[in-house]
$ cat input-v9.txt   # compact mmCIF, C-alpha atoms
# COMPACT_ATOMS: atom_id res chain seq x y z
CA MET A 1 -10.14 6.11 11.47
CA ALA A 2 -10.55 5.01 7.83
CA THR A 3 -9.28 1.52 8.63
CA ASN A 4 -11.68 1.19 11.58
CA ALA A 5 -14.59 2.27 9.40
CA ALA A 6 -13.71 -0.35 6.81
CA GLU A 7 -13.44 -2.99 9.52
CA ASP A 8 -16.87 -1.98 10.82
CA GLU A 9 -18.28 -2.38 7.29
CA ARG A 10 -16.84 -5.88 7.05
CA GLU A 11 -18.26 -6.83 10.41
CA ARG A 12 -21.74 -6.19 9.10
CA THR A 13 -21.31 -8.51 6.10
CA PRO A 14 -22.82 -11.96 6.80
CA TYR A 15 -20.90 -15.00 5.55
CA TRP A 16 -23.84 -16.39 3.58
CA VAL A 17 -23.40 -13.49 1.17
CA ALA A 18 -20.20 -15.14 -0.14
CA LEU A 19 -21.93 -18.44 -0.95
CA ALA A 20 -24.95 -16.67 -2.42
CA ALA A 21 -22.75 -14.53 -4.67
CA VAL A 22 -20.80 -17.56 -5.92
CA LEU A 23 -23.96 -19.50 -6.74
CA PHE A 24 -25.74 -16.52 -8.27
CA GLY A 25 -22.67 -15.54 -10.29
CA PHE A 26 -22.20 -19.06 -11.64
CA ALA A 27 -25.90 -19.49 -12.46
CA SER A 28 -26.21 -16.12 -14.18
CA GLY A 29 -22.89 -16.63 -15.99
CA LEU A 30 -24.07 -20.00 -17.27
CA PHE A 31 -27.38 -18.46 -18.34
CA VAL A 32 -25.82 -15.63 -20.34
CA SER A 33 -23.30 -18.04 -21.91
CA ILE A 34 -26.10 -20.31 -23.10
CA LEU A 35 -28.04 -17.28 -24.33
CA VAL A 36 -25.04 -16.09 -26.35
CA GLN A 37 -24.63 -19.54 -27.89
CA LEU A 38 -28.31 -19.65 -28.83
CA VAL A 39 -28.08 -16.24 -30.46
CA GLY A 40 -24.89 -17.30 -32.23
CA THR A 41 -26.55 -20.48 -33.49
CA ALA A 42 -29.43 -18.43 -34.86
CA PHE A 43 -26.88 -16.44 -36.89
CA GLY A 44 -25.06 -19.50 -38.23
CA SER A 45 -22.59 -20.48 -35.49
CA PRO A 46 -22.33 -24.31 -35.23
CA ALA A 47 -24.02 -25.55 -32.05
CA GLY A 48 -21.31 -28.09 -31.25
CA HIS A 49 -18.35 -25.87 -32.12
CA PRO A 50 -19.21 -22.19 -31.56
CA THR A 51 -17.30 -19.59 -33.52
CA PRO A 52 -14.55 -17.54 -31.81
CA ALA A 53 -16.88 -14.52 -31.74
CA VAL A 54 -19.48 -16.49 -29.79
CA ASN A 55 -16.87 -17.88 -27.38
CA ILE A 56 -15.32 -14.46 -26.80
CA ALA A 57 -18.68 -12.81 -26.15
CA GLY A 58 -19.67 -15.64 -23.81
CA ASP A 59 -16.46 -15.34 -21.80
CA PHE A 60 -16.78 -11.58 -21.43
CA LEU A 61 -20.35 -11.95 -20.17
CA PHE A 62 -19.52 -14.92 -17.93
CA ASP A 63 -16.90 -12.92 -16.04
CA GLY A 64 -19.22 -9.93 -16.04
CA ALA A 65 -21.90 -12.02 -14.35
CA PHE A 66 -19.65 -12.59 -11.32
CA VAL A 67 -18.85 -8.88 -11.10
CA ALA A 68 -22.58 -8.10 -11.27
CA SER A 69 -23.28 -10.71 -8.59
CA ALA A 70 -20.76 -9.15 -6.18
CA LEU A 71 -22.10 -5.67 -6.83
CA TYR A 72 -25.69 -6.81 -6.36
CA PHE A 73 -25.12 -8.45 -2.98
CA THR A 74 -22.97 -5.63 -1.64
CA ALA A 75 -25.42 -2.97 -2.82
CA LEU A 76 -28.38 -4.92 -1.45
CA ARG A 77 -27.80 -3.54 2.03
CA GLY A 78 -24.70 -1.43 1.60
CA TRP A 79 -22.45 -3.93 3.34
CA MET A 80 -19.10 -3.01 1.78
CA GLY A 81 -17.52 0.24 0.62
CA ARG A 82 -15.14 0.58 -2.31
CA SER A 83 -12.14 0.62 0.06
CA ASP A 84 -13.13 -2.85 1.18
CA PHE A 85 -12.84 -4.15 -2.36
CA GLY A 86 -9.16 -3.25 -2.29
CA TYR A 87 -8.93 -0.30 -4.70
CA ARG A 88 -6.31 1.32 -2.52
CA ARG A 89 -3.21 3.15 -3.65
CA ILE A 90 -0.13 1.87 -1.90
CA PRO A 91 3.57 2.78 -2.24
CA TRP A 92 4.93 1.44 -5.52
CA ARG A 93 7.84 -0.25 -3.74
CA LEU A 94 5.42 -2.28 -1.61
CA ALA A 95 3.37 -3.21 -4.67
CA ALA A 96 6.43 -4.19 -6.71
CA SER A 97 7.88 -6.23 -3.84
CA ALA A 98 4.60 -8.07 -3.37
CA VAL A 99 4.35 -8.89 -7.09
CA LEU A 100 7.95 -10.13 -7.24
CA LEU A 101 7.77 -12.26 -4.09
CA ALA A 102 4.37 -13.73 -4.89
CA GLY A 103 5.34 -14.36 -8.51
CA PHE A 104 8.55 -16.08 -7.43
CA ALA A 105 6.67 -18.32 -4.98
CA TYR A 106 4.02 -19.21 -7.54
CA TYR A 107 6.44 -20.07 -10.34
CA VAL A 108 8.77 -22.08 -8.08
CA VAL A 109 5.88 -24.17 -6.78
CA THR A 110 4.39 -24.53 -10.26
CA LEU A 111 7.69 -25.65 -11.78
CA ALA A 112 8.18 -28.15 -8.94
CA TYR A 113 4.65 -29.46 -9.43
CA ALA A 114 5.12 -29.78 -13.19
CA SER A 115 8.44 -31.58 -12.70
CA ILE A 116 7.16 -34.03 -10.09
CA PHE A 117 3.95 -34.92 -11.95
CA SER A 118 5.31 -34.50 -15.49
CA VAL A 119 2.68 -31.94 -16.39
CA HIS A 120 2.78 -30.63 -19.93
CA GLY A 121 0.38 -28.76 -22.20
CA THR A 122 -1.38 -25.42 -22.31
CA ASP A 123 -4.74 -23.91 -21.50
CA LYS A 124 -7.42 -24.58 -24.13
CA LEU A 125 -9.25 -21.26 -23.69
CA PRO A 126 -7.21 -19.19 -26.19
CA THR A 127 -7.53 -21.99 -28.79
CA ASP A 128 -11.30 -21.93 -28.42
CA LEU A 129 -11.15 -18.16 -28.90
CA GLY A 130 -9.41 -18.51 -32.25
CA VAL A 131 -6.12 -16.74 -31.59
CA GLN A 132 -4.49 -18.61 -34.47
CA ARG A 133 -7.28 -17.88 -36.95
CA SER A 134 -7.49 -14.10 -37.21
CA VAL A 135 -5.91 -10.90 -35.98
CA TRP A 136 -9.14 -9.55 -34.51
CA ALA A 137 -9.71 -12.77 -32.53
CA ALA A 138 -6.16 -12.61 -31.19
CA ALA A 139 -6.64 -8.95 -30.22
CA ALA A 140 -9.99 -9.59 -28.51
CA THR A 141 -8.53 -12.60 -26.72
CA ALA A 142 -5.55 -10.56 -25.51
CA VAL A 143 -7.86 -7.86 -24.12
CA PHE A 144 -9.98 -10.44 -22.34
CA VAL A 145 -7.24 -12.74 -21.03
CA CYS A 146 -4.70 -10.07 -20.11
CA ALA A 147 -6.88 -7.21 -18.85
CA VAL A 148 -10.58 -7.99 -18.44
CA ALA A 149 -10.14 -11.35 -16.72
CA PRO A 150 -7.58 -10.01 -14.19
CA MET A 151 -9.84 -7.06 -13.36
CA ALA A 152 -13.06 -9.06 -13.09
CA GLU A 153 -11.65 -12.11 -11.33
CA GLU A 154 -9.57 -10.15 -8.85
CA PHE A 155 -12.56 -7.96 -8.05
CA PHE A 156 -14.76 -10.97 -7.35
CA PHE A 157 -12.34 -13.44 -5.76
CA ARG A 158 -9.90 -11.20 -3.88
CA GLY A 159 -11.85 -7.97 -3.58
CA PHE A 160 -15.27 -9.34 -2.70
CA LEU A 161 -15.08 -13.03 -1.73
CA PHE A 162 -11.87 -12.88 0.28
CA GLY A 163 -13.02 -9.56 1.72
CA VAL A 164 -16.03 -11.33 3.24
CA LEU A 165 -14.47 -14.65 4.28
CA ARG A 166 -11.26 -13.33 5.83
CA ARG A 167 -13.28 -12.19 8.87
CA MET A 168 -13.88 -15.82 9.90
CA ARG A 169 -13.01 -16.20 13.58
CA ILE A 170 -10.73 -19.23 13.58
CA ARG A 171 -7.94 -19.21 16.12
CA ALA A 172 -5.11 -21.53 17.11
CA GLY A 173 -3.87 -20.21 20.43
CA GLU A 174 -3.03 -16.56 19.85
CA HIS A 175 -2.92 -16.91 16.06
CA ASP A 176 -5.79 -15.75 13.88
CA LEU A 177 -6.23 -18.33 11.13
CA GLY A 178 -9.30 -16.76 9.56
CA PRO A 179 -7.50 -15.06 6.64
CA TRP A 180 -5.45 -18.21 5.95
CA VAL A 181 -8.51 -20.45 5.84
CA ALA A 182 -10.28 -17.88 3.68
CA ALA A 183 -7.30 -17.82 1.30
CA VAL A 184 -7.45 -21.62 0.96
CA ILE A 185 -11.19 -21.56 0.26
CA VAL A 186 -10.94 -18.76 -2.28
CA GLY A 187 -7.91 -20.41 -3.89
CA LEU A 188 -9.85 -23.66 -4.35
CA LEU A 189 -12.82 -21.81 -5.82
CA PHE A 190 -10.51 -19.84 -8.11
CA GLY A 191 -8.99 -23.05 -9.43
CA LEU A 192 -12.39 -24.69 -9.93
CA ALA A 193 -13.65 -21.60 -11.75
CA HIS A 194 -11.16 -22.42 -14.52
CA TYR A 195 -12.34 -26.01 -14.99
CA ASP A 196 -13.68 -25.17 -18.45
CA SER A 197 -10.66 -23.17 -19.64
CA ALA A 198 -7.76 -25.19 -18.27
CA GLN A 199 -6.82 -28.82 -18.43
CA PRO A 200 -7.43 -30.70 -15.14
CA GLN A 201 -3.72 -30.96 -14.29
CA PHE A 202 -3.47 -27.17 -14.22
CA LEU A 203 -6.25 -26.64 -11.68
CA ILE A 204 -3.95 -27.26 -8.70
CA PRO A 205 -1.37 -24.62 -9.75
CA LEU A 206 -4.22 -22.22 -10.51
CA GLY A 207 -5.67 -22.89 -7.07
CA PHE A 208 -2.28 -22.13 -5.55
CA LEU A 209 -2.11 -18.91 -7.56
CA GLY A 210 -5.53 -17.98 -6.15
CA PHE A 211 -4.22 -18.65 -2.62
CA VAL A 212 -1.08 -16.55 -3.19
CA LEU A 213 -3.12 -13.66 -4.57
CA CYS A 214 -5.30 -13.72 -1.45
CA ILE A 215 -2.21 -13.40 0.74
CA VAL A 216 -1.02 -10.49 -1.38
CA ARG A 217 -4.42 -8.81 -1.02
CA TRP A 218 -4.37 -9.36 2.73
CA LYS A 219 -0.81 -8.25 3.43
CA THR A 220 -0.77 -5.19 1.17
CA GLY A 221 -4.39 -4.13 1.69
CA SER A 222 -4.64 -3.46 -2.04
CA LEU A 223 -6.05 -5.22 -5.08
CA TYR A 224 -3.59 -3.59 -7.48
CA PRO A 225 -0.65 -5.98 -6.94
CA CYS A 226 -3.08 -8.88 -7.40
CA MET A 227 -4.35 -7.55 -10.72
CA ALA A 228 -0.80 -6.84 -11.84
CA LEU A 229 0.50 -10.34 -11.07
CA HIS A 230 -2.61 -11.93 -12.58
CA ALA A 231 -2.18 -9.90 -15.78
CA ILE A 232 1.56 -10.58 -16.02
CA ASN A 233 0.99 -14.32 -15.63
CA ASN A 234 -1.72 -14.33 -18.29
CA CYS A 235 0.39 -12.27 -20.69
CA ILE A 236 3.29 -14.68 -20.39
CA ALA A 237 1.04 -17.72 -20.80
CA LEU A 238 -0.75 -16.28 -23.83
CA GLY A 239 2.36 -14.87 -25.47
CA VAL A 240 4.52 -17.97 -25.01
CA ASN A 241 2.06 -20.85 -25.25
CA GLU A 242 -0.40 -19.61 -27.87
CA LEU A 243 1.05 -16.70 -29.84
CA GLY A 244 4.70 -17.77 -29.87
CA TRP A 245 5.82 -14.20 -29.32
CA ASN A 246 9.33 -13.09 -28.40
CA ALA A 247 10.28 -11.38 -25.15
CA GLY A 248 9.87 -7.85 -26.51
CA GLU A 249 6.38 -8.55 -27.80
CA ILE A 250 5.33 -10.11 -24.50
CA VAL A 251 6.70 -7.13 -22.57
CA ALA A 252 4.72 -4.81 -24.85
CA LEU A 253 1.57 -6.88 -24.26
CA THR A 254 2.15 -6.77 -20.51
CA VAL A 255 2.72 -3.01 -20.42
CA GLY A 256 -0.37 -2.40 -22.52
CA SER A 257 -2.48 -4.67 -20.34
CA LEU A 258 -1.33 -3.02 -17.11
CA ALA A 259 -1.99 0.41 -18.62
CA LEU A 260 -5.53 -0.60 -19.57
CA ILE A 261 -6.18 -1.99 -16.09
CA ALA A 262 -4.90 1.22 -14.51
CA LEU A 263 -7.00 3.34 -16.85
CA VAL A 264 -10.18 1.47 -15.93
CA THR A 265 -9.66 0.96 -12.18
CA TRP A 266 -7.57 3.93 -11.04
CA PRO A 267 -10.60 6.28 -10.83
CA LEU A 268 -12.05 3.85 -8.28
CA SER A 269 -9.01 4.01 -6.04
CA ARG A 270 -8.31 5.96 -2.92
CA ARG A 271 -4.97 6.80 -1.40
CA VAL A 272 -4.06 5.09 1.87
CA THR A 273 -2.73 7.68 4.31
CA GLU A 274 -3.17 5.92 7.60
CA ALA A 275 -0.26 4.15 9.25
$ encode --input "input-v9.txt" --output "structure tokens"
Amino acid sequence: MATNAAEDERERTPYWVALAAVLFGFASGLFVSILVQLVGTAFGSPAGHPTPAVNIAGDFLFDGAFVASALYFTALRGWMGRSDFGYRRIPWRLAASAVLLAGFAYYVVTLAYASIFSVHGTDKLPTDLGVQRSVWAAAATAVFVCAVAPMAEEFFFRGFLFGVLRRMRIRAGEHDLGPWVAAVIVGLLFGLAHYDSAQPQFLIPLGFLGFVLCIVRWKTGSLYPCMALHAINNCIALGVNELGWNAGEIVALTVGSLALIALVTWPLSRRVTEA
């Protein structure tokens, strides 16, 4: 009965809501980012090279704008319930299996892509956030990159956007291709959303990661494995590429990030009891 109710909620959600939320989220995120830079400039931050504090605040608010956009359009007419966003408790074995399989697929494809096209380098976002300049900047960056970004981006892209678009009625014979097409669209948008924080050659692997996370969301019915894999990937990237940490330190960062995500999102969850 709970599953049918959630399906009924999704049926009432028009597709234009997805496009409207993307445009509104981007526009409002750009607006608040510019506003933060203007305020920072008024307090002495260079206009051409904002301080880490200004960049960190702007990134927090930019991601927050997309969360606010999704909440606004879903609350506008009560189209989606919290279960539809994917805050569902699932058996830990299913969650762990999904994270391992999806992570394996993502890293194999990424390594193959990097080998074929000789891709090297790292994301520029942590550098702009000053992780090498001060402890507080590194700590704030770790919180944002490893916990806030996975929560906000998974909520918007997999919880909201994929939740709306996966209902598309696209069939090939007896096969429903709607969720697959939705995963491709959301994956592309996820990659493009990182145009300002990743070098162009990394947008394709990020798009593939977005696609894989959609499949995880679809097959498990939960957003938690998506947030976990997203956080683990970001912890490894930050710890290895920017902080130069050893394995133990990266594991500690990962555990702390997952604990923070659970602390924030677990109260929103509901246990899945239906078959």
$ closest_residue --input "input-v9.txt" --among "A:Cys226, A:Val264, A:Ala142, A:Val181" --to "A:Gly239" --atoms "only C-alpha atoms"
A:Ala142
$ atom_distance --input "input-v9.txt" --atom1 "atom CA of A:Gly187" --atom2 "atom CA of A:Tyr107"
15.7 Å
$ closest_residue --input "input-v9.txt" --among "A:Ile204, A:Val240, A:Ala20, A:Leu76" --to "A:Thr110" --atoms "all atoms listed in the file"
A:Ile204
$ closest_residue --input "input-v9.txt" --among "A:Asn241, A:Ser28, A:Ser115, A:Thr254" --to "A:Phe66" --atoms "all atoms listed in the file"
A:Ser28
$ closest_residue --input "input-v9.txt" --among "A:Trp180, A:Glu174, A:Tyr113, A:Gly221" --to "A:Gln201" --atoms "all atoms listed in the file"
A:Tyr113
$ closest_atom_pairs --input "input-v9.txt" --of "stretch 115-155 of chain A" --to "stretch 42-51 of chain A" --cutoff "9 Å" --atoms "only C-alpha atoms" --output "JSON lines"
{"residue": "A:Asp128", "atom": "CA", "partner": "A:Thr51", "partner_atom": "CA", "distance": 8.2}
{"residue": "A:Leu129", "atom": "CA", "partner": "A:Thr51", "partner_atom": "CA", "distance": 7.8}
{"residue": "A:Gly130", "atom": "CA", "partner": "A:Thr51", "partner_atom": "CA", "distance": 8.1}
$ write_last_selection --input "input-v9.txt" --atoms "C-alpha atoms" --output "compact mmCIF listing (two decimals), in the coordinates of the input"
# COMPACT_ATOMS: atom_id res chain seq x y z
CA ASP A 128 -11.30 -21.93 -28.42
CA LEU A 129 -11.15 -18.16 -28.90
CA GLY A 130 -9.41 -18.51 -32.25
$ residues_around --input "input-v9.txt" --residues "A:Val131" --least-positions-apart "6" --cutoff "8 Å" --atoms "only C-alpha atoms" --output "VMD selection string"
chain A and resid 137 to 139 141 242 to 243
$ closest_residue --input "input-v9.txt" --among "A:Cys214, A:Leu188, A:Ala57, A:Val67" --to "A:Ala140" --atoms "all atoms listed in the file"
A:Ala57
$ closest_residue --input "input-v9.txt" --among "A:Asn233, A:Ser269, A:Ser257, A:Thr41" --to "A:Gly103" --atoms "all atoms listed in the file"
A:Asn233
$ residues_around --input "input-v9.txt" --residues "stretch 247-250 of chain A" --least-positions-apart "2" --cutoff "10 Å" --atoms "all atoms listed in the file" --output "ChimeraX atom specification"
/A:232,235-240,243-245,252-256
$ atom_distance --input "input-v9.txt" --atom1 "atom CA of A:Phe24" --atom2 "atom CA of A:Asp196"
18.0 Å
$ atom_distance --input "input-v9.txt" --atom1 "atom CA of A:Pro205" --atom2 "atom CA of A:Phe162"
18.7 Å
$ axis_aligned_box --input "input-v9.txt" --around "stretch 172-178 of chain A" --padding-each-side "6 Å" --output "JSON"
{"center_x": -6.1, "center_y": -18.6, "center_z": 15.0, "size_x": 18.4, "size_y": 17.8, "size_z": 22.9}
$ residues_around --input "input-v9.txt" --residues "A:Leu260" --least-positions-apart "6" --cutoff "10 Å" --atoms "all atoms listed in the file" --output "ChimeraX atom specification"
/A:143,146-148,151,254,266
